[in-house]
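Asker: I am sharing target.tsv, which consists of TSV, C-alpha atoms and all ligand atoms:
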chain	number	residue	atom	x	y	z
A	26	MET	CA	125.29	143.07	88.77
A	27	ALA	CA	126.65	139.67	89.71
A	28	THR	CA	127.55	137.39	86.83
A	29	PRO	CA	125.19	134.40	86.73
A	30	ALA	CA	126.88	131.14	87.72
A	31	LEU	CA	127.85	129.01	84.72
A	32	ALA	CA	125.37	126.22	84.08
A	33	ASP	CA	126.72	122.81	84.97
A	34	THR	CA	126.40	120.73	81.78
A	35	THR	CA	127.14	117.04	81.16
A	36	ILE	CA	127.12	115.51	77.67
A	37	ILE	CA	126.50	111.74	77.57
A	38	HIS	CA	127.27	109.67	74.47
A	39	ALA	CA	125.83	106.12	74.41
A	40	ASP	CA	125.18	103.45	71.81
A	41	GLY	CA	121.46	103.31	72.59
A	42	VAL	CA	118.75	104.91	74.73
A	43	ILE	CA	115.61	103.35	76.20
A	44	VAL	CA	113.64	106.54	76.75
A	45	ASP	CA	110.81	104.72	78.51
A	46	ALA	CA	109.36	101.22	78.86
A	47	ASP	CA	106.86	101.71	76.01
A	48	SER	CA	108.89	103.43	73.28
A	49	ALA	CA	111.14	101.87	70.65
A	50	PRO	CA	114.80	102.11	71.67
A	51	ARG	CA	116.92	104.81	70.04
A	52	GLY	CA	120.34	104.15	68.51
A	53	LYS	CA	123.55	106.12	69.08
A	54	SER	CA	122.51	109.27	70.92
A	55	THR	CA	123.71	112.28	72.84
A	56	VAL	CA	121.91	113.20	76.05
A	57	THR	CA	122.54	116.69	77.41
A	58	VAL	CA	122.07	117.30	81.14
A	59	THR	CA	122.15	120.81	82.61
A	60	ASP	CA	121.85	121.58	86.31
A	61	GLY	CA	120.39	118.16	87.10
A	62	ARG	CA	117.80	118.11	84.30
A	63	ILE	CA	117.68	116.41	80.95
A	64	VAL	CA	117.75	119.13	78.30
A	65	SER	CA	117.84	117.17	75.04
A	66	ILE	CA	118.32	113.79	73.37
A	67	GLU	CA	119.83	113.99	69.90
A	68	ASP	CA	120.68	111.35	67.31
A	69	GLY	CA	124.37	110.52	66.93
A	70	PHE	CA	127.30	111.92	68.87
A	71	THR	CA	127.25	115.71	68.93
A	72	GLY	CA	130.14	118.00	69.86
A	73	VAL	CA	130.89	118.94	73.45
A	74	PRO	CA	130.43	122.62	74.35
A	75	GLU	CA	133.28	124.33	76.16
A	76	GLY	CA	133.18	123.80	79.92
A	77	ALA	CA	130.85	120.76	79.70
A	78	THR	CA	131.72	117.39	81.24
A	79	MET	CA	131.89	114.53	78.76
A	80	VAL	CA	130.72	111.01	79.62
A	81	HIS	CA	131.40	108.49	76.87
A	82	LEU	CA	129.55	105.20	77.39
A	83	ALA	CA	130.64	103.22	74.34
A	84	GLY	CA	128.80	99.93	73.99
A	85	LYS	CA	126.30	100.90	76.70
A	86	ILE	CA	122.58	101.54	76.59
A	87	LEU	CA	121.02	104.28	78.69
A	88	ALA	CA	117.75	103.68	80.51
A	89	PRO	CA	115.68	105.65	83.02
A	90	GLY	CA	116.84	105.31	86.62
A	91	MET	CA	114.74	102.73	88.47
A	92	ILE	CA	112.32	103.28	91.36
A	93	ASP	CA	111.95	100.93	94.33
A	94	LEU	CA	108.72	101.71	96.20
A	95	HIS	CA	109.61	99.71	99.31
A	96	VAL	CA	113.00	99.85	101.01
A	97	HIS	CA	114.31	100.21	104.55
A	98	LEU	CA	117.65	101.95	104.09
A	99	THR	CA	118.35	102.30	107.81
A	100	GLY	CA	118.45	98.56	108.43
A	101	ASP	CA	120.38	95.51	107.31
A	102	PRO	CA	119.04	91.95	107.36
A	103	GLY	CA	119.26	90.04	110.60
A	104	GLY	CA	116.96	88.33	113.03
A	105	ASP	CA	118.13	90.00	116.20
A	106	PHE	CA	114.99	91.88	117.21
A	107	TRP	CA	116.64	92.95	120.49
A	108	LYS	CA	118.91	95.26	118.52
A	109	GLY	CA	115.98	97.66	118.72
A	110	ALA	CA	116.82	98.01	122.39
A	111	VAL	CA	120.58	98.52	122.04
A	112	GLU	CA	121.15	100.45	118.82
A	113	PRO	CA	120.33	104.16	118.86
A	114	ASP	CA	118.43	105.75	115.97
A	115	GLU	CA	121.58	107.71	115.03
A	116	TRP	CA	123.21	104.42	114.02
A	117	GLY	CA	120.40	103.98	111.50
A	118	VAL	CA	121.59	107.10	109.68
A	119	VAL	CA	125.12	105.66	109.36
A	120	VAL	CA	123.78	102.33	108.12
A	121	GLY	CA	121.44	104.22	105.82
A	122	ALA	CA	124.22	106.33	104.28
A	123	LYS	CA	126.05	103.11	103.40
A	124	ASN	CA	122.89	101.55	101.95
A	125	ALA	CA	121.83	104.68	100.05
A	126	ARG	CA	125.04	104.52	98.00
A	127	ILE	CA	124.73	100.75	97.43
A	128	THR	CA	121.11	101.22	96.29
A	129	ALA	CA	121.97	104.00	93.86
A	130	LEU	CA	124.90	102.00	92.42
A	131	ALA	CA	122.41	99.18	91.77
A	132	GLY	CA	120.52	101.57	89.46
A	133	PHE	CA	117.77	102.74	91.81
A	134	THR	CA	117.62	106.51	91.59
A	135	THR	CA	114.42	106.96	93.63
A	136	VAL	CA	113.25	104.93	96.61
A	137	ARG	CA	110.24	105.08	98.88
A	138	GLU	CA	111.46	104.57	102.45
A	139	ALA	CA	108.79	102.34	103.98
A	140	GLY	CA	109.38	102.83	107.69
A	141	SER	CA	112.29	103.92	109.88
A	142	GLY	CA	113.10	105.65	113.15
A	143	PRO	CA	111.56	109.07	113.79
A	144	GLU	CA	114.17	111.20	111.97
A	145	THR	CA	116.60	108.80	110.29
A	146	ALA	CA	115.04	108.54	106.81
A	147	PHE	CA	114.34	112.28	106.80
A	148	ALA	CA	118.03	113.00	107.50
A	149	LEU	CA	119.03	110.65	104.67
A	150	ARG	CA	116.45	112.27	102.37
A	151	ARG	CA	118.11	115.63	102.93
A	152	GLY	CA	121.61	114.17	102.68
A	153	THR	CA	121.07	112.73	99.21
A	154	ALA	CA	119.08	115.78	98.02
A	155	GLU	CA	121.89	118.14	99.00
A	156	GLY	CA	124.55	115.81	97.61
A	157	PHE	CA	126.29	115.31	100.97
A	158	ILE	CA	125.95	111.55	100.61
A	159	ALA	CA	125.67	109.42	97.48
A	160	GLY	CA	122.24	107.91	97.11
A	161	PRO	CA	118.83	107.95	95.48
A	162	ARG	CA	116.06	110.50	95.85
A	163	ILE	CA	114.21	109.42	98.99
A	164	ILE	CA	110.45	109.63	99.52
A	165	ALA	CA	110.18	108.87	103.23
A	166	ALA	CA	107.38	107.55	105.43
A	167	GLY	CA	109.13	107.93	108.78
A	168	VAL	CA	107.60	105.92	111.64
A	169	PRO	CA	104.79	103.55	110.55
A	170	LEU	CA	101.38	103.66	112.24
A	171	ALA	CA	100.45	100.42	113.99
A	172	ILE	CA	97.93	99.07	116.47
A	173	ILE	CA	99.19	98.56	120.02
A	174	GLY	CA	101.19	95.34	119.96
A	175	GLY	CA	100.81	94.98	116.19
A	176	HIS	CA	103.41	94.63	113.46
A	177	GLY	CA	105.26	97.93	113.55
A	178	ASP	CA	104.88	98.39	117.30
A	179	VAL	CA	107.58	97.23	119.69
A	180	ASN	CA	107.12	93.58	120.67
A	181	GLY	CA	108.94	90.79	122.45
A	182	PHE	CA	110.33	92.70	125.44
A	183	ARG	CA	109.16	93.13	129.04
A	184	PRO	CA	106.23	95.60	129.19
A	185	GLU	CA	108.34	98.37	130.71
A	186	VAL	CA	110.97	97.95	127.95
A	187	ASN	CA	108.26	98.00	125.25
A	188	GLU	CA	107.06	101.25	126.80
A	189	VAL	CA	110.49	102.90	126.73
A	190	LEU	CA	110.98	101.91	123.08
A	191	ASP	CA	107.47	103.04	122.05
A	192	THR	CA	107.67	105.15	118.89
A	193	GLY	CA	104.53	107.16	119.67
A	194	PHE	CA	102.77	106.06	116.49
A	195	THR	CA	100.33	103.42	117.68
A	196	CYS	CA	96.69	104.45	117.61
A	197	THR	CA	93.28	103.17	118.71
A	198	GLY	CA	90.06	104.52	117.22
A	199	ALA	CA	89.41	106.80	114.28
A	200	VAL	CA	90.18	110.01	116.16
A	201	GLU	CA	93.55	108.96	117.52
A	202	CYS	CA	94.53	107.46	114.15
A	203	ALA	CA	93.72	110.75	112.39
A	204	GLU	CA	95.82	112.53	115.02
A	205	LYS	CA	98.82	110.29	114.31
A	206	VAL	CA	98.55	110.89	110.55
A	207	ARG	CA	98.61	114.65	111.20
A	208	LEU	CA	101.59	114.21	113.53
A	209	ALA	CA	103.47	112.24	110.85
A	210	SER	CA	102.67	114.97	108.35
A	211	GLN	CA	103.90	117.64	110.76
A	212	ASN	CA	107.13	115.71	111.34
A	213	GLY	CA	107.88	115.55	107.61
A	214	SER	CA	106.45	112.29	106.24
A	215	ASP	CA	106.07	112.25	102.44
A	216	VAL	CA	103.78	109.24	102.64
A	217	ILE	CA	101.92	107.51	105.50
A	218	LYS	CA	102.93	103.91	106.19
A	219	ILE	CA	100.60	101.68	108.19
A	220	THR	CA	100.83	98.04	109.17
A	221	ALA	CA	97.27	97.07	108.28
A	222	THR	CA	97.67	93.40	109.18
A	223	GLY	CA	100.02	91.21	111.16
A	224	GLY	CA	103.55	90.85	109.78
A	225	VAL	CA	106.13	88.15	109.36
A	226	LEU	CA	109.35	89.48	110.90
A	227	SER	CA	107.99	91.03	114.10
A	228	GLN	CA	107.68	89.18	117.39
A	229	GLN	CA	103.90	89.60	117.44
A	230	GLY	CA	102.09	86.29	116.98
A	231	ARG	CA	98.53	87.46	116.35
A	232	GLY	CA	98.10	86.21	112.81
A	233	LEU	CA	98.43	87.93	109.45
A	234	GLU	CA	94.87	89.27	109.13
A	235	ALA	CA	93.49	92.81	109.53
A	236	HIS	CA	94.59	94.54	112.73
A	237	PHE	CA	93.15	98.02	112.29
A	238	THR	CA	89.35	98.32	112.18
A	239	ASP	CA	87.66	99.53	108.98
A	240	ALA	CA	86.84	102.84	110.69
A	241	GLU	CA	90.49	103.34	111.73
A	242	MET	CA	91.78	102.66	108.21
A	243	LYS	CA	89.19	104.94	106.62
A	244	SER	CA	90.16	107.69	109.04
A	245	ILE	CA	93.85	107.22	108.19
A	246	ALA	CA	93.21	107.29	104.43
A	247	ASP	CA	90.84	110.28	104.54
A	248	THR	CA	93.12	112.30	106.83
A	249	ALA	CA	96.21	111.57	104.75
A	250	HIS	CA	94.43	112.45	101.51
A	251	SER	CA	93.17	115.71	103.00
A	252	LEU	CA	96.85	116.60	103.55
A	253	GLY	CA	97.85	115.55	100.02
A	254	LEU	CA	99.58	112.39	101.27
A	255	LYS	CA	99.14	108.83	100.06
A	256	VAL	CA	98.96	105.79	102.33
A	257	MET	CA	100.97	102.60	101.89
A	258	ALA	CA	99.65	99.63	103.86
A	259	HIS	CA	101.64	96.59	104.82
A	260	ALA	CA	99.07	93.78	104.40
A	261	HIS	CA	99.18	89.97	104.14
A	262	GLY	CA	95.73	88.51	104.90
A	263	ALA	CA	93.08	88.64	102.15
A	264	ARG	CA	90.34	90.28	104.25
A	265	GLY	CA	92.87	92.83	105.55
A	266	ILE	CA	93.89	93.65	101.97
A	267	GLU	CA	90.27	93.98	100.90
A	268	ALA	CA	89.39	96.20	103.88
A	269	ALA	CA	92.44	98.43	103.31
A	270	SER	CA	91.55	98.89	99.65
A	271	ARG	CA	87.91	99.67	100.51
A	272	ALA	CA	89.07	102.22	103.10
A	273	GLY	CA	90.93	104.12	100.36
A	274	ILE	CA	94.51	103.01	101.06
A	275	ASP	CA	96.65	103.73	97.96
A	276	THR	CA	99.12	100.83	97.86
A	277	ILE	CA	99.15	97.34	99.36
A	278	GLU	CA	102.64	96.22	100.33
A	279	HIS	CA	103.32	92.43	100.10
A	280	GLY	CA	99.71	91.30	99.49
A	281	THR	CA	100.64	87.67	100.09
A	282	PHE	CA	97.24	86.04	100.62
A	283	LEU	CA	95.38	88.15	98.09
A	284	ASP	CA	92.32	86.29	96.77
A	285	GLU	CA	89.90	87.03	93.98
A	286	ALA	CA	87.52	89.10	96.14
A	287	ALA	CA	90.39	91.24	97.43
A	288	ALA	CA	91.76	91.59	93.88
A	289	ARG	CA	88.34	92.72	92.62
A	290	GLU	CA	88.19	95.41	95.31
A	291	MET	CA	91.74	96.60	94.49
A	292	LYS	CA	91.00	96.75	90.77
A	293	LYS	CA	87.79	98.68	91.41
A	294	ASN	CA	89.54	101.25	93.62
A	295	GLY	CA	92.78	101.45	91.64
A	296	THR	CA	94.74	100.21	94.66
A	297	VAL	CA	98.26	99.29	93.57
A	298	LEU	CA	100.01	96.09	94.68
A	299	VAL	CA	103.71	96.34	95.62
A	300	PRO	CA	104.62	92.63	95.84
A	301	THR	CA	108.14	92.70	97.45
A	302	LEU	CA	108.98	89.22	96.14
A	303	MET	CA	112.65	89.66	97.07
A	304	ALA	CA	111.62	89.93	100.74
A	305	PHE	CA	110.12	86.44	100.63
A	306	LYS	CA	113.20	85.11	98.84
A	307	GLY	CA	115.47	86.80	101.38
A	308	VAL	CA	113.74	85.47	104.49
A	309	THR	CA	113.29	81.98	103.04
A	310	GLU	CA	117.05	81.81	102.36
A	311	ARG	CA	117.72	82.24	106.08
A	312	LEU	CA	114.95	79.90	107.31
A	313	GLY	CA	116.04	77.15	109.71
A	314	LYS	CA	119.48	78.67	110.30
A	315	GLY	CA	118.81	79.91	113.82
A	316	VAL	CA	118.44	83.49	112.56
A	317	TYR	CA	114.79	83.89	113.51
A	318	THR	CA	112.84	83.30	116.71
A	319	PRO	CA	110.29	80.42	116.68
A	320	VAL	CA	107.31	82.81	116.34
A	321	VAL	CA	108.89	84.31	113.20
A	322	GLU	CA	109.99	80.94	111.74
A	323	ALA	CA	106.36	79.77	111.88
A	324	LYS	CA	105.14	82.84	110.03
A	325	ILE	CA	107.81	82.54	107.30
A	326	GLY	CA	106.75	78.92	106.78
A	327	ALA	CA	103.16	80.10	106.35
A	328	VAL	CA	103.97	82.56	103.52
A	329	ALA	CA	106.74	80.70	101.63
A	330	ASP	CA	104.56	78.79	99.15
A	331	THR	CA	102.04	81.48	98.29
A	332	ALA	CA	104.90	83.96	97.76
A	333	ARG	CA	105.83	82.06	94.60
A	334	VAL	CA	102.41	82.54	92.95
A	335	PHE	CA	100.36	85.44	94.36
A	336	MET	CA	101.74	88.19	92.10
A	337	GLY	CA	100.92	86.14	89.01
A	338	LYS	CA	97.35	85.71	90.23
A	339	ALA	CA	97.05	89.46	90.90
A	340	LEU	CA	98.32	90.15	87.39
A	341	ARG	CA	95.72	87.82	85.85
A	342	TRP	CA	92.97	89.38	87.98
A	343	GLY	CA	93.91	92.82	86.63
A	344	VAL	CA	95.34	94.39	89.80
A	345	PRO	CA	97.74	97.28	89.07
A	346	ILE	CA	101.28	96.27	90.14
A	347	ALA	CA	104.29	98.48	90.89
A	348	PHE	CA	107.85	97.59	91.80
A	349	GLY	CA	109.01	97.33	95.41
A	350	THR	CA	111.37	94.92	97.14
A	351	ASP	CA	111.55	95.47	100.94
A	352	ALA	CA	115.37	95.80	100.70
A	353	GLY	CA	116.70	95.72	104.24
A	354	VAL	CA	114.85	92.45	104.83
A	355	PHE	CA	117.42	91.09	102.32
A	356	GLY	CA	120.77	92.74	101.49
A	357	HIS	CA	120.60	96.22	99.91
A	358	GLY	CA	121.80	96.35	96.31
A	359	ARG	CA	120.06	93.13	95.27
A	360	ASN	CA	116.88	95.09	94.47
A	361	ALA	CA	116.92	94.26	90.73
A	362	GLY	CA	116.62	90.57	91.61
A	363	GLU	CA	112.90	91.35	91.88
A	364	PHE	CA	112.58	91.51	88.07
A	365	ALA	CA	113.39	87.83	87.54
A	366	LEU	CA	110.83	86.89	90.22
A	367	MET	CA	108.15	89.07	88.59
A	368	VAL	CA	108.86	87.58	85.16
A	369	ALA	CA	108.76	84.06	86.66
A	370	GLN	CA	105.19	84.81	87.82
A	371	GLY	CA	104.04	85.94	84.38
A	372	MET	CA	105.09	89.54	83.72
A	373	THR	CA	106.80	90.40	80.46
A	374	PRO	CA	110.18	92.14	80.77
A	375	ARG	CA	108.53	95.27	79.41
A	376	GLN	CA	105.78	95.19	82.08
A	377	ALA	CA	108.36	94.54	84.78
A	378	PHE	CA	110.57	97.44	83.64
A	379	ALA	CA	107.52	99.74	83.42
A	380	SER	CA	106.56	98.74	86.98
A	381	ALA	CA	109.91	100.13	88.21
A	382	THR	CA	109.84	103.29	86.09
A	383	THR	CA	106.68	104.88	84.63
A	384	THR	CA	104.22	102.95	86.83
A	385	ALA	CA	106.17	103.56	90.05
A	386	ALA	CA	106.56	107.26	89.14
A	387	LYS	CA	102.77	107.47	88.84
A	388	VAL	CA	102.33	105.89	92.29
A	389	LEU	CA	104.51	108.72	93.64
A	390	ASP	CA	102.59	111.35	91.62
A	391	MET	CA	105.92	112.15	89.95
A	392	GLU	CA	105.22	110.95	86.40
A	393	GLY	CA	106.27	114.36	85.02
A	394	GLU	CA	109.59	114.22	86.88
A	395	ILE	CA	111.05	110.69	86.91
A	396	GLY	CA	110.67	107.31	85.16
A	397	ARG	CA	111.71	108.30	81.65
A	398	ILE	CA	114.54	109.97	79.76
A	399	ALA	CA	112.88	113.06	78.34
A	400	PRO	CA	113.57	116.79	78.17
A	401	GLY	CA	112.59	118.55	81.40
A	402	TYR	CA	112.82	115.37	83.49
A	403	SER	CA	115.25	114.91	86.38
A	404	ALA	CA	118.55	113.49	85.11
A	405	ASP	CA	118.10	110.06	86.71
A	406	ILE	CA	119.83	107.78	84.22
A	407	ILE	CA	121.50	104.37	84.26
A	408	ALA	CA	123.70	102.58	81.73
A	409	VAL	CA	123.53	98.83	81.07
A	410	ASP	CA	125.14	96.37	78.64
A	411	ALA	CA	121.98	95.18	76.88
A	412	ASN	CA	118.41	96.26	76.18
A	413	PRO	CA	116.53	95.40	79.42
A	414	LEU	CA	113.31	94.96	77.42
A	415	ASP	CA	114.98	91.96	75.72
A	416	ASP	CA	116.99	90.74	78.69
A	417	ILE	CA	115.69	91.93	82.06
A	418	SER	CA	118.65	90.33	83.91
A	419	THR	CA	120.92	93.06	82.53
A	420	LEU	CA	119.38	95.32	85.21
A	421	GLU	CA	121.13	93.23	87.87
A	422	LYS	CA	124.50	94.59	86.72
A	423	VAL	CA	124.10	98.30	86.17
A	424	GLU	CA	127.35	99.86	84.92
A	425	TRP	CA	126.86	103.60	85.51
A	426	VAL	CA	124.36	105.72	87.43
A	427	MET	CA	123.41	109.38	87.53
A	428	VAL	CA	120.97	110.74	90.14
A	429	ARG	CA	119.67	114.30	89.69
A	430	GLY	CA	122.60	115.04	87.37
A	431	ARG	CA	125.25	113.68	89.77
A	432	VAL	CA	127.27	110.62	88.81
A	433	ILE	CA	127.27	108.06	91.66
A	434	GLU	CA	130.71	106.66	92.51
B	501	ZN	ZN	108.92	96.66	104.69
Show me this structure written as structure tokens.

Answerer:
Amino acid sequence: MATPALADTTIIHADGVIVDADSAPRGKSTVTVTDGRIVSIEDGFTGVPEGATMVHLAGKILAPGMIDLHVHLTGDPGGDFWKGAVEPDEWGVVVGAKNARITALAGFTTVREAGSGPETAFALRRGTAEGFIAGPRIIAAGVPLAIIGGHGDVNGFRPEVNEVLDTGFTCTGAVECAEKVRLASQNGSDVIKITATGGVLSQQGRGLEAHFTDAEMKSIADTAHSLGLKVMAHAHGARGIEAASRAGIDTIEHGTFLDEAAAREMKKNGTVLVPTLMAFKGVTERLGKGVYTPVVEAKIGAVADTARVFMGKALRWGVPIAFGTDAGVFGHGRNAGEFALMVAQGMTPRQAFASATTTAAKVLDMEGEIGRIAPGYSADIIAVDANPLDDISTLEKVEWVMVRGRVIE
């Protein structure tokens, strides 16, 4: 009989542990991690078994690794839409490997990849899972579904160039939209991403309201759910948000022009808002600098003011909110800047931290796996200098990160 391989154990000593956003913090503790899973949390500093790796984080507080529900790892910020015609998808994997490490070092141990080339995010997903590249756990959408000429489709080129660059994921009518959901599922999507309304950074200039019909969105949601997949919908206009929620879409990304009627519909259906406030900050920073084309500049101008208040309104109207940033629209690694923006619109630090841990885990149907430091959970752990529930800005300078039991360097 072969001898079983020795379990890989890490012992972490820290001055405090935030086990989850709702529990009282623990004092000096020892967290034991074996083969990528949290085994125990004990009071005080216990001894180190022979063969175990010791991590001593004096003066640091451990917290659950954070979850960003909206990133684009394969891209960096920039207004050059024509790059879509000159950069091959393979380059996206290289850019993504760089950004995966930066994202993990910023304390984000799970991300939902909200739209990429056909295979790029899937390759990264496997790369971080197998430990070939440093990075977070990746839940990947793959290519987003869009209407022909909508946000998410190729725009701004000559028709024959648009055709060559076509991703194959536009659809018209309930039947074709169901077909594209099934194709995405077959290709390996963990979640279906759709661009339910117009969008800001694309070259399409057909407004920010609903682009898919109600029947198309219902078909997308029903088909995805029948395959056990959730749907995330990029949406800005209020009626588009309301229609997406009514159709059964699971999360609304951005949600900029959300009004009370749309909020009521979301609350009724349990549709979660992922506000991506950092995206608005990122694009506004580059406004008027010749980065964007005129069609895009006009759209950024249209969303800049409401971006400072809409999440606060959603919160007051009782819409469930989970953390997502749209990193890639701004520089990767600044993800935790979202917390200050959420708090500025009325969230408590505790609510904001929950939105990036327990709440986000629930959106991913992974609440038994990630989002807290507890026995049996994946060893996704960060270390910070202060209690984030007292000072949320401490999350912007994460000192140490472990993803699935591996320390990120
Ligand atoms: Zn996005």

Asker: Using all atoms listed in the file, determine which residues lie at most 12 Å from Met391 (chain A), disregarding the query and same-chain residues fewer than 4 positions distant; provide the list as a ChimeraX atom specification.

Answerer: /A:92,135,162,164,382-387,395-397,402-403

Asker: Skipping near chain neighbours, those fewer than 5 positions away, what residues fall within 10 Å of region 189-198 of chain A using all atoms listed in the file, listed as a ChimeraX atom specification?

Answerer: /A:109-110,142-143,168-175,177-180,182,184,203-206,208-209,219,237-242,244

Asker: Got a sec: who's within 9 Å of Asn360 (chain A), counting only C-alpha atoms, leaving out chain neighbours fewer than 5 positions off, as a ChimeraX atom specification?

Answerer: /A:93,96,128,131-133,303,349-352,355,421

Asker: Those same residues - C-alpha atoms - I'd like them written as an mmCIF file, in the frame of the given file.

Answerer:
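selection21.cif was written with the following content:
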data_model
loop_
_atom_site.group_PDB
_atom_site.id
_atom_site.type_symbol
_atom_site.label_atom_id
_atom_site.label_comp_id
_atom_site.auth_asym_id
_atom_site.auth_seq_id
_atom_site.Cartn_x
_atom_site.Cartn_y
_atom_site.Cartn_z
ATOM 1 C CA ASP A 93 111.950 100.930 94.330
ATOM 2 C CA VAL A 96 113.000 99.850 101.010
ATOM 3 C CA THR A 128 121.110 101.220 96.290
ATOM 4 C CA ALA A 131 122.410 99.180 91.770
ATOM 5 C CA GLY A 132 120.520 101.570 89.460
ATOM 6 C CA PHE A 133 117.770 102.740 91.810
ATOM 7 C CA MET A 303 112.650 89.660 97.070
ATOM 8 C CA GLY A 349 109.010 97.330 95.410
ATOM 9 C CA THR A 350 111.370 94.920 97.140
ATOM 10 C CA ASP A 351 111.550 95.470 100.940
ATOM 11 C CA ALA A 352 115.370 95.800 100.700
ATOM 12 C CA PHE A 355 117.420 91.090 102.320
ATOM 13 C CA GLU A 421 121.130 93.230 87.870
#

Asker: Which residues of chain A sit at most 9 Å from ligand ZN 501 (chain B), using all atoms listed in the file? Give each one's shortest atom pair and distance in Å (one decimal place), in chain and ascending residue order, as a tab-separated table.

Answerer:
residue	atom	partner	partner_atom	distance
A:His95	CA	B:ZN501	ZN	6.2
A:Val96	CA	B:ZN501	ZN	6.4
A:His97	CA	B:ZN501	ZN	6.5
A:Glu138	CA	B:ZN501	ZN	8.6
A:Ala139	CA	B:ZN501	ZN	5.7
A:Gly140	CA	B:ZN501	ZN	6.9
A:His259	CA	B:ZN501	ZN	7.3
A:Glu278	CA	B:ZN501	ZN	7.7
A:His279	CA	B:ZN501	ZN	8.4
A:Thr301	CA	B:ZN501	ZN	8.3
A:Ala304	CA	B:ZN501	ZN	8.3
A:Thr350	CA	B:ZN501	ZN	8.1
A:Asp351	CA	B:ZN501	ZN	4.7
A:Ala352	CA	B:ZN501	ZN	7.6
A:Gly353	CA	B:ZN501	ZN	7.8
A:Val354	CA	B:ZN501	ZN	7.3

Asker: Take CA of Val120 (chain A) and CA of Leu226 (chain A) and report the distance between them in Å, one decimal.

Answerer: 19.5 Å

Asker: Please measure the separation of CA of Ala235 (chain A) and CA of Thr331 (chain A), giving the value in Å to one decimal.

Answerer: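 These two atoms are separated by 18.1 Å.
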
Asker: Near region 366-376 of chain A, within 9 Å and counting all atoms listed in the file, which residues show up once chain neighbours fewer than 5 positions away are dropped, as a VMD selection string?

Answerer: chain A and resid 46 to 47 300 302 to 303 333 to 338 340 to 341 381 413 to 417

Asker: Work out how far CA of Pro102 (chain A) is from CA of His357 (chain A), in Å to one decimal.

Answerer: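 If I compute the distance from CA of His357 (chain A) to CA of Pro102 (chain A), I get 8.7 Å.
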
Asker: Would you fill out region 395-399 of chain A with all heavy atoms and return it as a CSV table (one decimal), in the coordinates of the input?

Answerer:
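Printed below is result-v4.csv as written:
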chain,number,residue,atom,x,y,z
A,395,ILE,N,110.1,111.9,86.9
A,395,ILE,CA,111.0,110.7,86.9
A,395,ILE,C,110.4,109.5,86.1
A,395,ILE,O,109.2,109.6,85.8
A,395,ILE,CB,111.4,110.2,88.3
A,395,ILE,CG1,110.1,109.9,89.2
A,395,ILE,CG2,112.2,111.3,89.1
A,395,ILE,CD1,110.4,109.3,90.5
A,396,GLY,N,111.2,108.5,85.8
A,396,GLY,CA,110.7,107.3,85.2
A,396,GLY,C,110.9,107.3,83.7
A,396,GLY,O,110.6,106.2,83.0
A,397,ARG,N,111.4,108.4,83.1
A,397,ARG,CA,111.7,108.3,81.6
A,397,ARG,C,112.9,109.3,81.4
A,397,ARG,O,113.2,110.1,82.2
A,397,ARG,CB,110.5,108.6,80.7
A,397,ARG,CG,109.7,109.8,81.1
A,397,ARG,CD,108.5,109.9,80.1
A,397,ARG,NE,107.3,109.4,80.7
A,397,ARG,CZ,106.5,108.5,80.1
A,397,ARG,NH1,106.8,108.0,78.9
A,397,ARG,NH2,105.4,108.1,80.7
A,398,ILE,N,113.5,109.0,80.2
A,398,ILE,CA,114.5,110.0,79.8
A,398,ILE,C,113.9,110.9,78.8
A,398,ILE,O,113.6,110.5,77.6
A,398,ILE,CB,115.7,109.2,79.1
A,398,ILE,CG1,116.4,108.3,80.2
A,398,ILE,CG2,116.8,110.2,78.6
A,398,ILE,CD1,117.5,107.4,79.7
A,399,ALA,N,113.6,112.1,79.2
A,399,ALA,CA,112.9,113.1,78.3
A,399,ALA,C,113.3,114.5,78.8
A,399,ALA,O,113.6,114.7,79.9
A,399,ALA,CB,111.4,112.9,78.5
